[in-house]
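Structure file query_8.txt with compact mmCIF, C-alpha atoms:
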# COMPACT_ATOMS: atom_id res chain seq x y z
CA MET A 1 -111.95 145.94 0.32
CA PRO A 2 -109.59 146.74 -2.56
CA ASP A 3 -105.99 147.64 -1.83
CA PHE A 4 -104.83 151.24 -1.65
CA VAL A 5 -103.12 152.42 -4.84
CA LEU A 6 -101.59 155.89 -5.00
CA ASP A 7 -103.21 158.02 -7.70
CA PRO A 8 -100.85 158.11 -10.72
CA ARG A 9 -100.98 161.92 -10.94
CA LEU A 10 -100.04 162.33 -7.28
CA GLU A 11 -97.31 159.76 -7.78
CA GLY A 12 -95.92 161.54 -10.85
CA ASP A 13 -95.94 165.00 -9.28
CA SER A 14 -94.12 163.94 -6.09
CA LEU A 15 -91.51 161.63 -4.63
CA PRO A 16 -91.78 159.38 -1.57
CA VAL A 17 -90.76 160.65 1.88
CA THR A 18 -91.97 158.05 4.37
CA ASP A 19 -95.04 156.20 5.62
CA LEU A 20 -96.79 157.31 8.80
CA PRO A 21 -99.35 155.03 10.49
CA LEU A 22 -102.24 156.34 8.37
CA SER A 23 -100.71 158.23 5.46
CA THR A 24 -98.02 157.84 2.89
CA VAL A 25 -96.07 161.11 2.73
CA ARG A 26 -94.83 162.58 -0.53
CA LEU A 27 -92.76 165.65 -1.43
CA SER A 28 -93.94 167.74 -4.38
CA ARG A 29 -91.50 168.01 -7.28
CA ASP A 30 -92.31 171.75 -7.51
CA ALA A 31 -89.23 173.48 -6.08
CA ASN A 32 -91.15 176.74 -5.60
CA TYR A 33 -92.34 175.56 -2.18
CA PRO A 34 -91.39 172.93 0.42
CA TRP A 35 -94.64 171.04 -0.07
CA LEU A 36 -95.65 167.77 1.53
CA ILE A 37 -98.68 165.70 0.60
CA ALA A 38 -100.21 163.18 3.02
CA VAL A 39 -102.31 160.46 1.41
CA PRO A 40 -104.21 158.17 3.80
CA ARG A 41 -103.59 154.58 2.73
CA ARG A 42 -107.21 153.46 2.48
CA ALA A 43 -108.86 152.66 -0.82
CA GLY A 44 -111.79 154.72 -2.02
CA LEU A 45 -111.39 157.83 0.14
CA VAL A 46 -112.40 161.19 -1.33
CA GLU A 47 -113.37 163.43 1.60
CA ILE A 48 -111.93 163.81 5.11
CA ILE A 49 -115.36 162.72 6.35
CA ASP A 50 -114.92 159.41 4.53
CA LEU A 51 -112.56 158.58 7.42
CA ASP A 52 -114.04 157.55 10.76
CA GLU A 53 -113.45 159.70 13.84
CA ALA A 54 -110.39 157.78 15.03
CA ASP A 55 -108.72 158.02 11.63
CA ARG A 56 -109.62 161.70 11.37
CA ALA A 57 -107.83 162.30 14.68
CA LEU A 58 -104.85 160.33 13.37
CA LEU A 59 -104.85 162.38 10.16
CA MET A 60 -104.87 165.59 12.21
CA GLU A 61 -101.87 164.38 14.22
CA GLU A 62 -100.02 163.46 11.03
CA ILE A 63 -100.77 166.93 9.62
CA ALA A 64 -99.38 168.40 12.86
CA ARG A 65 -96.27 166.22 12.66
CA LEU A 66 -95.62 167.22 9.05
CA SER A 67 -96.14 170.87 9.98
CA GLN A 68 -93.64 170.67 12.83
CA VAL A 69 -91.03 168.83 10.77
CA LEU A 70 -91.34 171.28 7.87
CA ARG A 71 -90.73 174.18 10.26
CA GLN A 72 -87.69 172.39 11.73
CA THR A 73 -86.23 171.65 8.31
CA VAL A 74 -86.88 174.61 6.02
CA ARG A 75 -87.46 178.32 6.31
CA CYS A 76 -91.19 178.77 6.89
CA ASP A 77 -93.11 181.97 7.55
CA LYS A 78 -96.57 180.37 7.39
CA LEU A 79 -98.03 176.91 6.99
CA ASN A 80 -100.80 176.22 4.51
CA VAL A 81 -102.88 173.08 5.08
CA ALA A 82 -105.53 172.05 2.56
CA ALA A 83 -107.62 169.12 1.39
CA LEU A 84 -109.06 170.20 -1.96
CA GLY A 85 -109.15 167.26 -4.39
CA ASN A 86 -110.98 169.02 -7.21
CA SER A 87 -108.61 167.65 -9.85
CA VAL A 88 -107.34 164.47 -8.17
CA ALA A 89 -110.20 162.84 -6.31
CA GLN A 90 -108.14 160.55 -4.04
CA LEU A 91 -108.08 162.09 -0.56
CA HIS A 92 -104.81 163.93 0.00
CA VAL A 93 -103.78 166.77 2.29
CA HIS A 94 -101.29 169.44 1.31
CA VAL A 95 -98.97 170.78 4.02
CA ILE A 96 -96.92 173.59 2.55
CA ALA A 97 -94.20 175.81 4.01
CA ARG A 98 -94.88 179.32 2.71
CA ARG A 99 -92.39 182.17 2.66
CA HIS A 100 -93.04 185.87 2.32
CA ASP A 101 -90.83 185.87 -0.77
CA ASP A 102 -92.07 182.68 -2.44
CA ALA A 103 -93.46 182.55 -5.97
CA ALA A 104 -97.11 182.95 -4.95
CA TRP A 105 -97.17 184.81 -1.61
CA PRO A 106 -99.69 185.80 -0.28
CA SER A 107 -101.89 183.88 -2.72
CA PRO A 108 -102.57 180.16 -2.37
CA ILE A 109 -100.05 178.24 -4.44
CA TRP A 110 -102.38 176.44 -6.82
CA GLY A 111 -102.14 177.91 -10.31
CA ALA A 112 -100.06 180.85 -9.08
CA ALA A 113 -96.66 180.11 -10.65
CA PRO A 114 -95.31 177.61 -13.18
CA PRO A 115 -93.82 174.55 -11.46
CA LYS A 116 -90.06 174.82 -11.00
CA ALA A 117 -87.69 171.86 -11.12
CA PHE A 118 -85.34 171.08 -8.23
CA ALA A 119 -81.61 171.03 -8.91
CA ALA A 120 -80.35 167.48 -9.45
CA GLY A 121 -80.54 165.53 -6.20
CA ALA A 122 -82.06 168.38 -4.19
CA ALA A 123 -85.58 166.96 -3.96
CA GLU A 124 -84.22 163.58 -2.85
CA ALA A 125 -81.99 165.29 -0.26
CA LEU A 126 -84.91 167.28 1.14
CA ALA A 127 -87.13 164.18 1.21
CA ALA A 128 -84.39 162.29 3.09
CA ALA A 129 -83.95 165.12 5.63
CA LEU A 130 -87.69 165.24 6.25
CA ALA A 131 -87.94 161.45 6.48
CA ALA A 132 -85.14 161.33 9.07
CA ARG A 133 -87.04 163.76 11.30
CA LEU A 134 -90.35 161.93 10.80
CA LYS A 135 -88.94 158.60 12.08
CA MET B 1 -104.38 185.51 28.50
CA PRO B 2 -106.16 188.14 26.38
CA ASP B 3 -109.71 187.51 25.25
CA PHE B 4 -110.50 186.17 21.80
CA VAL B 5 -111.55 188.88 19.35
CA LEU B 6 -112.64 187.95 15.84
CA ASP B 7 -110.39 189.51 13.20
CA PRO B 8 -112.23 192.53 11.70
CA ARG B 9 -111.65 191.35 8.13
CA LEU B 10 -113.11 187.89 8.85
CA GLU B 11 -115.99 189.59 10.62
CA GLY B 12 -116.68 191.94 7.71
CA ASP B 13 -116.54 189.23 5.05
CA SER B 14 -118.92 186.87 6.84
CA LEU B 15 -121.97 186.63 9.06
CA PRO B 16 -122.44 184.58 12.23
CA VAL B 17 -123.84 181.03 12.07
CA THR B 18 -123.32 179.53 15.52
CA ASP B 19 -120.71 178.71 18.15
CA LEU B 20 -119.37 175.18 18.48
CA PRO B 21 -117.36 174.14 21.59
CA LEU B 22 -114.06 175.33 20.11
CA SER B 23 -114.90 177.51 17.11
CA THR B 24 -117.18 180.32 16.17
CA VAL B 25 -118.71 179.50 12.79
CA ARG B 26 -119.23 182.13 10.10
CA LEU B 27 -120.81 182.07 6.62
CA SER B 28 -118.96 183.94 3.87
CA ARG B 29 -120.87 186.78 2.24
CA ASP B 30 -119.64 185.57 -1.18
CA ALA B 31 -122.69 183.94 -2.76
CA ASN B 32 -120.54 182.13 -5.33
CA TYR B 33 -120.04 179.26 -2.87
CA PRO B 34 -121.66 177.90 0.30
CA TRP B 35 -118.59 178.68 2.40
CA LEU B 36 -118.21 178.27 6.13
CA ILE B 37 -115.31 179.54 8.22
CA ALA B 38 -114.47 178.03 11.61
CA VAL B 39 -112.45 180.28 13.92
CA PRO B 40 -111.20 178.70 17.15
CA ARG B 41 -112.04 181.05 20.01
CA ARG B 42 -108.57 181.29 21.52
CA ALA B 43 -106.51 184.46 21.41
CA GLY B 44 -103.23 184.51 19.54
CA LEU B 45 -103.61 181.42 17.34
CA VAL B 46 -102.04 181.46 13.89
CA GLU B 47 -101.30 177.84 12.96
CA ILE B 48 -103.23 174.61 13.58
CA ILE B 49 -100.18 173.48 15.56
CA ASP B 50 -100.67 176.41 17.93
CA LEU B 51 -103.55 174.29 19.32
CA ASP B 52 -102.71 171.40 21.64
CA GLU B 53 -103.54 167.85 20.61
CA ALA B 54 -106.95 167.75 22.32
CA ASP B 55 -108.02 171.00 20.67
CA ARG B 56 -106.71 169.81 17.31
CA ALA B 57 -108.92 166.73 17.61
CA LEU B 58 -111.84 168.97 18.52
CA LEU B 59 -111.12 171.20 15.53
CA MET B 60 -111.07 168.16 13.26
CA GLU B 61 -114.46 167.05 14.60
CA GLU B 62 -115.87 170.55 14.07
CA ILE B 63 -114.55 170.51 10.48
CA ALA B 64 -116.26 167.14 10.01
CA ARG B 65 -119.53 168.42 11.46
CA LEU B 66 -119.48 171.50 9.20
CA SER B 67 -118.73 169.27 6.22
CA GLN B 68 -121.64 166.98 6.98
CA VAL B 69 -124.08 169.82 7.57
CA LEU B 70 -123.05 171.58 4.36
CA ARG B 71 -123.72 168.40 2.40
CA GLN B 72 -127.12 168.01 4.08
CA THR B 73 -128.11 171.61 3.38
CA VAL B 74 -126.79 172.60 -0.05
CA ARG B 75 -125.86 170.93 -3.30
CA CYS B 76 -122.24 169.82 -2.94
CA ASP B 77 -120.10 167.85 -5.38
CA LYS B 78 -116.86 168.21 -3.39
CA LEU B 79 -115.74 169.65 -0.11
CA ASN B 80 -112.70 171.91 0.12
CA VAL B 81 -111.09 172.28 3.56
CA ALA B 82 -108.22 174.69 4.06
CA ALA B 83 -106.29 176.61 6.70
CA LEU B 84 -104.23 179.17 4.80
CA GLY B 85 -104.08 182.46 6.68
CA ASN B 86 -101.65 184.24 4.39
CA SER B 87 -103.71 187.44 4.39
CA VAL B 88 -105.57 187.17 7.71
CA ALA B 89 -103.22 185.70 10.30
CA GLN B 90 -105.86 184.68 12.88
CA LEU B 91 -106.30 180.89 12.64
CA HIS B 92 -109.39 180.06 10.60
CA VAL B 93 -110.45 177.03 8.60
CA HIS B 94 -112.45 177.26 5.39
CA VAL B 95 -115.02 174.50 4.71
CA ILE B 96 -116.50 175.08 1.28
CA ALA B 97 -119.15 173.22 -0.71
CA ARG B 98 -117.91 173.09 -4.29
CA ARG B 99 -120.02 172.38 -7.35
CA HIS B 100 -118.92 171.29 -10.77
CA ASP B 101 -120.61 174.39 -12.20
CA ASP B 102 -119.48 176.94 -9.62
CA ALA B 103 -117.56 180.11 -10.48
CA ALA B 104 -114.10 178.63 -9.92
CA TRP B 105 -114.37 174.87 -10.51
CA PRO B 106 -111.99 173.00 -10.56
CA SER B 107 -109.67 175.71 -9.27
CA PRO B 108 -109.46 176.66 -5.61
CA ILE B 109 -111.82 179.54 -4.92
CA TRP B 110 -109.33 182.16 -3.72
CA GLY B 111 -108.88 184.87 -6.31
CA ALA B 112 -110.80 182.90 -8.92
CA ALA B 113 -113.97 184.97 -9.32
CA PRO B 114 -115.16 188.37 -8.07
CA PRO B 115 -117.23 188.05 -4.89
CA LYS B 116 -120.97 187.93 -5.58
CA ALA B 117 -123.60 189.38 -3.24
CA PHE B 118 -126.43 187.23 -1.89
CA ALA B 119 -130.00 188.28 -2.66
CA ALA B 120 -131.55 190.20 0.23
CA GLY B 121 -132.06 187.87 3.19
CA ALA B 122 -130.58 184.81 1.47
CA ALA B 123 -127.32 184.72 3.43
CA GLU B 124 -129.19 185.07 6.71
CA ALA B 125 -131.60 182.30 5.67
CA LEU B 126 -128.75 179.95 4.76
CA ALA B 127 -126.93 180.77 8.00
CA ALA B 128 -130.10 180.01 9.96
CA ALA B 129 -130.63 176.70 8.15
CA LEU B 130 -127.03 175.66 8.84
CA ALA B 131 -127.24 176.78 12.47
CA ALA B 132 -130.41 174.74 13.01
CA ARG B 133 -128.62 171.60 11.84
CA LEU B 134 -125.51 172.37 13.89
CA LYS B 135 -127.44 172.52 17.16
What does this structure look like when you write it as structure tokens?
Amino acid sequence: MPDFVLDPRLEGDSLPVTDLPLSTVRLSRDANYPWLIAVPRRAGLVEIIDLDEADRALLMEEIARLSQVLRQTVRCDKLNVAALGNSVAQLHVHVIARRHDDAAWPSPIWGAAPPKAFAAGAAEALAAALAARLK
Amino acid sequence: MPDFVLDPRLEGDSLPVTDLPLSTVRLSRDANYPWLIAVPRRAGLVEIIDLDEADRALLMEEIARLSQVLRQTVRCDKLNVAALGNSVAQLHVHVIARRHDDAAWPSPIWGAAPPKAFAAGAAEALAAALAARLK
């Protein structure tokens, strides 16, 4: 079994938050939305059903944990949870805090607005706040 | 506890497939994509985290079952799984069979192409084929 390696595009578009038992958790560098990405640390995964039942249950609990921590940490009117993977094949799950006044509402975020940079240090500060609550 | 009532917009945009232990399963009337929608039959749900842990695990297994049955029944290059709910608040999970030549690929499907009607009887036939495999 080859080792897990984070897809370079996921790596470039996000910064590290923490590792949960199954997934490495990343924060998107798009400041339009508080947007976490959970990437199960198993090589060769594409679909949720590439995980066995026990790991699927673990993934669901990690999605729930990320959802709860986002709501505790940022303003959040609605959560969006999605495993798409049409552009980056490596299995990854988006958990996004949506706001009624965000750049895409009520549309899904993908392709809706140009990515926006965080102010200097702000992404790292948000990642650290989320990581502290995920411990 | 009030009874579960399917949201009228979800009902209008889809036809019934079958009931699983937690969710009622619907097929979208948009012929652009083989597109199932799982709606947990509990009143008042909005987010996945409105379900308790046992029901979240059940939802994950129902998502997995729908994914497998879609792949057995239609041509499918990629699965898309999403709980968004920005327009229809009632908790529902999309499980969509994507194809490299479909109307939206590689974009997410929402807002990507005008809905397309099925030929007469085709949606009902697909729903019946999926229901037979979900039994």
Can you work out which one of A:Ala89, A:Leu58, A:Leu79, A:Val17 has the shortest atom-to-atom distance to Leu45 (chain A), counting all atoms listed in the file? A:Ala89
Each residue of chain A lying at most 8 Å from chain B should get a row with its shortest atom-to-atom pair and the distance in Å to one decimal, counting all atoms listed in the file; could you produce that, ordered by chain and increasing number, as JSON lines?
{"residue": "A:Glu47", "atom": "CA", "partner": "B:Leu79", "partner_atom": "CA", "distance": 6.9}
{"residue": "A:Ile48", "atom": "CA", "partner": "B:Ala64", "partner_atom": "CA", "distance": 7.3}
{"residue": "A:Ile49", "atom": "CA", "partner": "B:Ala64", "partner_atom": "CA", "distance": 5.8}
{"residue": "A:Glu53", "atom": "CA", "partner": "B:Glu61", "partner_atom": "CA", "distance": 7.5}
{"residue": "A:Arg56", "atom": "CA", "partner": "B:Met60", "partner_atom": "CA", "distance": 6.9}
{"residue": "A:Ala57", "atom": "CA", "partner": "B:Ala57", "partner_atom": "CA", "distance": 5.4}
{"residue": "A:Met60", "atom": "CA", "partner": "B:Met60", "partner_atom": "CA", "distance": 6.8}
{"residue": "A:Glu61", "atom": "CA", "partner": "B:Glu53", "partner_atom": "CA", "distance": 7.5}
{"residue": "A:Ala64", "atom": "CA", "partner": "B:Ile49", "partner_atom": "CA", "distance": 5.8}
{"residue": "A:Ser67", "atom": "CA", "partner": "B:Ile49", "partner_atom": "CA", "distance": 7.4}
{"residue": "A:Gln68", "atom": "CA", "partner": "B:Ile49", "partner_atom": "CA", "distance": 7.6}
{"residue": "A:Lys78", "atom": "CA", "partner": "B:Asn86", "partner_atom": "CA", "distance": 7.1}
{"residue": "A:Leu79", "atom": "CA", "partner": "B:Glu47", "partner_atom": "CA", "distance": 6.9}
{"residue": "A:Asn80", "atom": "CA", "partner": "B:Leu84", "partner_atom": "CA", "distance": 4.5}
{"residue": "A:Val81", "atom": "CA", "partner": "B:Ala83", "partner_atom": "CA", "distance": 5.2}
{"residue": "A:Ala82", "atom": "CA", "partner": "B:Ala82", "partner_atom": "CA", "distance": 4.1}
{"residue": "A:Ala83", "atom": "CA", "partner": "B:Val81", "partner_atom": "CA", "distance": 5.2}
{"residue": "A:Leu84", "atom": "CA", "partner": "B:Asn80", "partner_atom": "CA", "distance": 4.5}
{"residue": "A:Gly85", "atom": "CA", "partner": "B:Asn80", "partner_atom": "CA", "distance": 7.4}
{"residue": "A:Asn86", "atom": "CA", "partner": "B:Pro106", "partner_atom": "CA", "distance": 5.3}
{"residue": "A:Ser87", "atom": "CA", "partner": "B:Pro106", "partner_atom": "CA", "distance": 6.4}
{"residue": "A:Trp105", "atom": "CA", "partner": "B:Asn86", "partner_atom": "CA", "distance": 7.5}
{"residue": "A:Pro106", "atom": "CA", "partner": "B:Asn86", "partner_atom": "CA", "distance": 5.3}
{"residue": "A:Ser107", "atom": "CA", "partner": "B:Asn86", "partner_atom": "CA", "distance": 7.1}
{"residue": "A:Pro108", "atom": "CA", "partner": "B:Trp110", "partner_atom": "CA", "distance": 7.2}
{"residue": "A:Trp110", "atom": "CA", "partner": "B:Pro108", "partner_atom": "CA", "distance": 7.2}
{"residue": "A:Gly111", "atom": "CA", "partner": "B:Ser107", "partner_atom": "CA", "distance": 7.9}
Counting all atoms listed in the file, which residue out of B:Arg133, B:His92, B:Arg75, B:Lys116 sits closest to Pro40 (chain B)?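 Using all atoms listed in the file, the shortest distance to Pro40 (chain B) belongs to B:His92.
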I need the residue nearest Pro2 (chain B) from this list: B:Arg42, B:Asp102, B:Ala128, B:Phe118. Use all atoms listed in the file for the distance.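 The answer is B:Arg42, which sits nearest to Pro2 (chain B).
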How many Å lie between CA of Gln72 (chain B) and CA of Ala129 (chain B), rounded to one decimal?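 So the answer is 10.2 Å.
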Rounded to one decimal, what separation in Å do you get between CA of Pro21 (chain A) and CA of Ala132 (chain A)? 15.6 Å
Which of B:Cys76, B:Ala43, B:Ala117, B:Ala127 sits closest to Arg26 (chain B) [using all atoms listed in the file]: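 Using all atoms listed in the file, the shortest distance to Arg26 (chain B) belongs to B:Ala127.
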Fit target chain A, mobile chain B, all Cα in order, as a compact mmCIF listing (two decimals) with C-alpha atoms, in the coordinates of the input:
# COMPACT_ATOMS: atom_id res chain seq x y z
CA MET B 1 -111.96 145.93 0.29
CA PRO B 2 -109.59 146.76 -2.59
CA ASP B 3 -106.00 147.64 -1.83
CA PHE B 4 -104.82 151.24 -1.65
CA VAL B 5 -103.11 152.42 -4.83
CA LEU B 6 -101.59 155.89 -5.00
CA ASP B 7 -103.22 158.01 -7.70
CA PRO B 8 -100.85 158.11 -10.72
CA ARG B 9 -100.98 161.91 -10.94
CA LEU B 10 -100.04 162.33 -7.26
CA GLU B 11 -97.31 159.77 -7.78
CA GLY B 12 -95.92 161.54 -10.84
CA ASP B 13 -95.93 165.00 -9.26
CA SER B 14 -94.13 163.93 -6.09
CA LEU B 15 -91.51 161.63 -4.63
CA PRO B 16 -91.77 159.38 -1.57
CA VAL B 17 -90.76 160.66 1.88
CA THR B 18 -91.97 158.06 4.37
CA ASP B 19 -95.04 156.20 5.62
CA LEU B 20 -96.79 157.31 8.79
CA PRO B 21 -99.36 155.02 10.50
CA LEU B 22 -102.24 156.32 8.38
CA SER B 23 -100.71 158.23 5.46
CA THR B 24 -98.02 157.84 2.90
CA VAL B 25 -96.07 161.10 2.74
CA ARG B 26 -94.85 162.59 -0.53
CA LEU B 27 -92.76 165.66 -1.42
CA SER B 28 -93.94 167.73 -4.38
CA ARG B 29 -91.50 168.01 -7.27
CA ASP B 30 -92.30 171.75 -7.52
CA ALA B 31 -89.24 173.47 -6.07
CA ASN B 32 -91.14 176.74 -5.61
CA TYR B 33 -92.33 175.55 -2.18
CA PRO B 34 -91.39 172.93 0.41
CA TRP B 35 -94.64 171.03 -0.07
CA LEU B 36 -95.65 167.77 1.52
CA ILE B 37 -98.69 165.69 0.61
CA ALA B 38 -100.21 163.18 3.03
CA VAL B 39 -102.31 160.45 1.42
CA PRO B 40 -104.22 158.16 3.79
CA ARG B 41 -103.59 154.57 2.73
CA ARG B 42 -107.20 153.47 2.47
CA ALA B 43 -108.86 152.65 -0.82
CA GLY B 44 -111.78 154.72 -2.02
CA LEU B 45 -111.40 157.83 0.14
CA VAL B 46 -112.40 161.18 -1.32
CA GLU B 47 -113.37 163.43 1.60
CA ILE B 48 -111.92 163.81 5.11
CA ILE B 49 -115.35 162.71 6.35
CA ASP B 50 -114.92 159.41 4.53
CA LEU B 51 -112.54 158.57 7.42
CA ASP B 52 -114.05 157.56 10.76
CA GLU B 53 -113.46 159.70 13.82
CA ALA B 54 -110.39 157.78 15.04
CA ASP B 55 -108.73 158.02 11.63
CA ARG B 56 -109.61 161.71 11.38
CA ALA B 57 -107.82 162.30 14.68
CA LEU B 58 -104.86 160.33 13.38
CA LEU B 59 -104.85 162.37 10.17
CA MET B 60 -104.87 165.58 12.21
CA GLU B 61 -101.88 164.37 14.23
CA GLU B 62 -100.03 163.45 11.02
CA ILE B 63 -100.77 166.93 9.63
CA ALA B 64 -99.38 168.39 12.86
CA ARG B 65 -96.26 166.23 12.68
CA LEU B 66 -95.62 167.22 9.04
CA SER B 67 -96.13 170.87 9.97
CA GLN B 68 -93.64 170.67 12.81
CA VAL B 69 -91.03 168.84 10.77
CA LEU B 70 -91.35 171.29 7.88
CA ARG B 71 -90.72 174.18 10.26
CA GLN B 72 -87.69 172.40 11.73
CA THR B 73 -86.22 171.64 8.31
CA VAL B 74 -86.87 174.60 6.01
CA ARG B 75 -87.45 178.32 6.30
CA CYS B 76 -91.18 178.78 6.88
CA ASP B 77 -93.11 181.98 7.54
CA LYS B 78 -96.57 180.36 7.37
CA LEU B 79 -98.03 176.92 6.99
CA ASN B 80 -100.80 176.22 4.49
CA VAL B 81 -102.88 173.08 5.07
CA ALA B 82 -105.52 172.06 2.56
CA ALA B 83 -107.62 169.13 1.38
CA LEU B 84 -109.06 170.19 -1.96
CA GLY B 85 -109.15 167.28 -4.39
CA ASN B 86 -110.98 169.02 -7.21
CA SER B 87 -108.61 167.65 -9.85
CA VAL B 88 -107.34 164.47 -8.17
CA ALA B 89 -110.21 162.85 -6.29
CA GLN B 90 -108.14 160.54 -4.05
CA LEU B 91 -108.08 162.08 -0.55
CA HIS B 92 -104.82 163.94 0.01
CA VAL B 93 -103.79 166.77 2.30
CA HIS B 94 -101.30 169.44 1.30
CA VAL B 95 -98.97 170.79 4.03
CA ILE B 96 -96.91 173.59 2.55
CA ALA B 97 -94.20 175.82 4.01
CA ARG B 98 -94.87 179.32 2.71
CA ARG B 99 -92.39 182.18 2.65
CA HIS B 100 -93.05 185.86 2.32
CA ASP B 101 -90.83 185.88 -0.77
CA ASP B 102 -92.07 182.70 -2.43
CA ALA B 103 -93.48 182.56 -5.97
CA ALA B 104 -97.12 182.95 -4.95
CA TRP B 105 -97.17 184.82 -1.62
CA PRO B 106 -99.70 185.80 -0.28
CA SER B 107 -101.89 183.88 -2.71
CA PRO B 108 -102.57 180.17 -2.38
CA ILE B 109 -100.05 178.24 -4.44
CA TRP B 110 -102.39 176.45 -6.85
CA GLY B 111 -102.14 177.92 -10.31
CA ALA B 112 -100.05 180.84 -9.08
CA ALA B 113 -96.65 180.12 -10.64
CA PRO B 114 -95.31 177.61 -13.17
CA PRO B 115 -93.82 174.56 -11.46
CA LYS B 116 -90.05 174.83 -11.00
CA ALA B 117 -87.68 171.86 -11.13
CA PHE B 118 -85.35 171.07 -8.23
CA ALA B 119 -81.61 171.02 -8.90
CA ALA B 120 -80.33 167.48 -9.45
CA GLY B 121 -80.55 165.52 -6.20
CA ALA B 122 -82.06 168.38 -4.19
CA ALA B 123 -85.58 166.95 -3.94
CA GLU B 124 -84.22 163.58 -2.85
CA ALA B 125 -82.00 165.28 -0.26
CA LEU B 126 -84.91 167.28 1.15
CA ALA B 127 -87.11 164.18 1.22
CA ALA B 128 -84.39 162.30 3.09
CA ALA B 129 -83.95 165.11 5.62
CA LEU B 130 -87.70 165.24 6.25
CA ALA B 131 -87.94 161.45 6.49
CA ALA B 132 -85.14 161.34 9.06
CA ARG B 133 -87.05 163.75 11.29
CA LEU B 134 -90.34 161.91 10.79
CA LYS B 135 -88.95 158.62 12.07
Can you tell me which residues surround Val25 (chain B) at a distance of at most 8 Å, considering only C-alpha atoms, apart from same-chain residues fewer than 2 positions away, and format the answer as an MDAnalysis selection string? chainID B and resid 16:20 23 27 36:39
Would you output that residue set with C-alpha atoms, as a short mmCIF file (atom, residue, chain, number, x, y, z; two decimals), keeping the file's coordinate frame?
data_model
loop_
_atom_site.label_atom_id
_atom_site.label_comp_id
_atom_site.auth_asym_id
_atom_site.auth_seq_id
_atom_site.Cartn_x
_atom_site.Cartn_y
_atom_site.Cartn_z
CA PRO B 16 -122.44 184.58 12.23
CA VAL B 17 -123.84 181.03 12.07
CA THR B 18 -123.32 179.53 15.52
CA ASP B 19 -120.71 178.71 18.15
CA LEU B 20 -119.37 175.18 18.48
CA SER B 23 -114.90 177.51 17.11
CA LEU B 27 -120.81 182.07 6.62
CA LEU B 36 -118.21 178.27 6.13
CA ILE B 37 -115.31 179.54 8.22
CA ALA B 38 -114.47 178.03 11.61
CA VAL B 39 -112.45 180.28 13.92
#
What does the distance between CA of Val88 (chain A) and CA of Pro8 (chain A) come to in Å, to one decimal place?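 Pair CA of Val88 (chain A) / CA of Pro8 (chain A) returns 9.4 Å.
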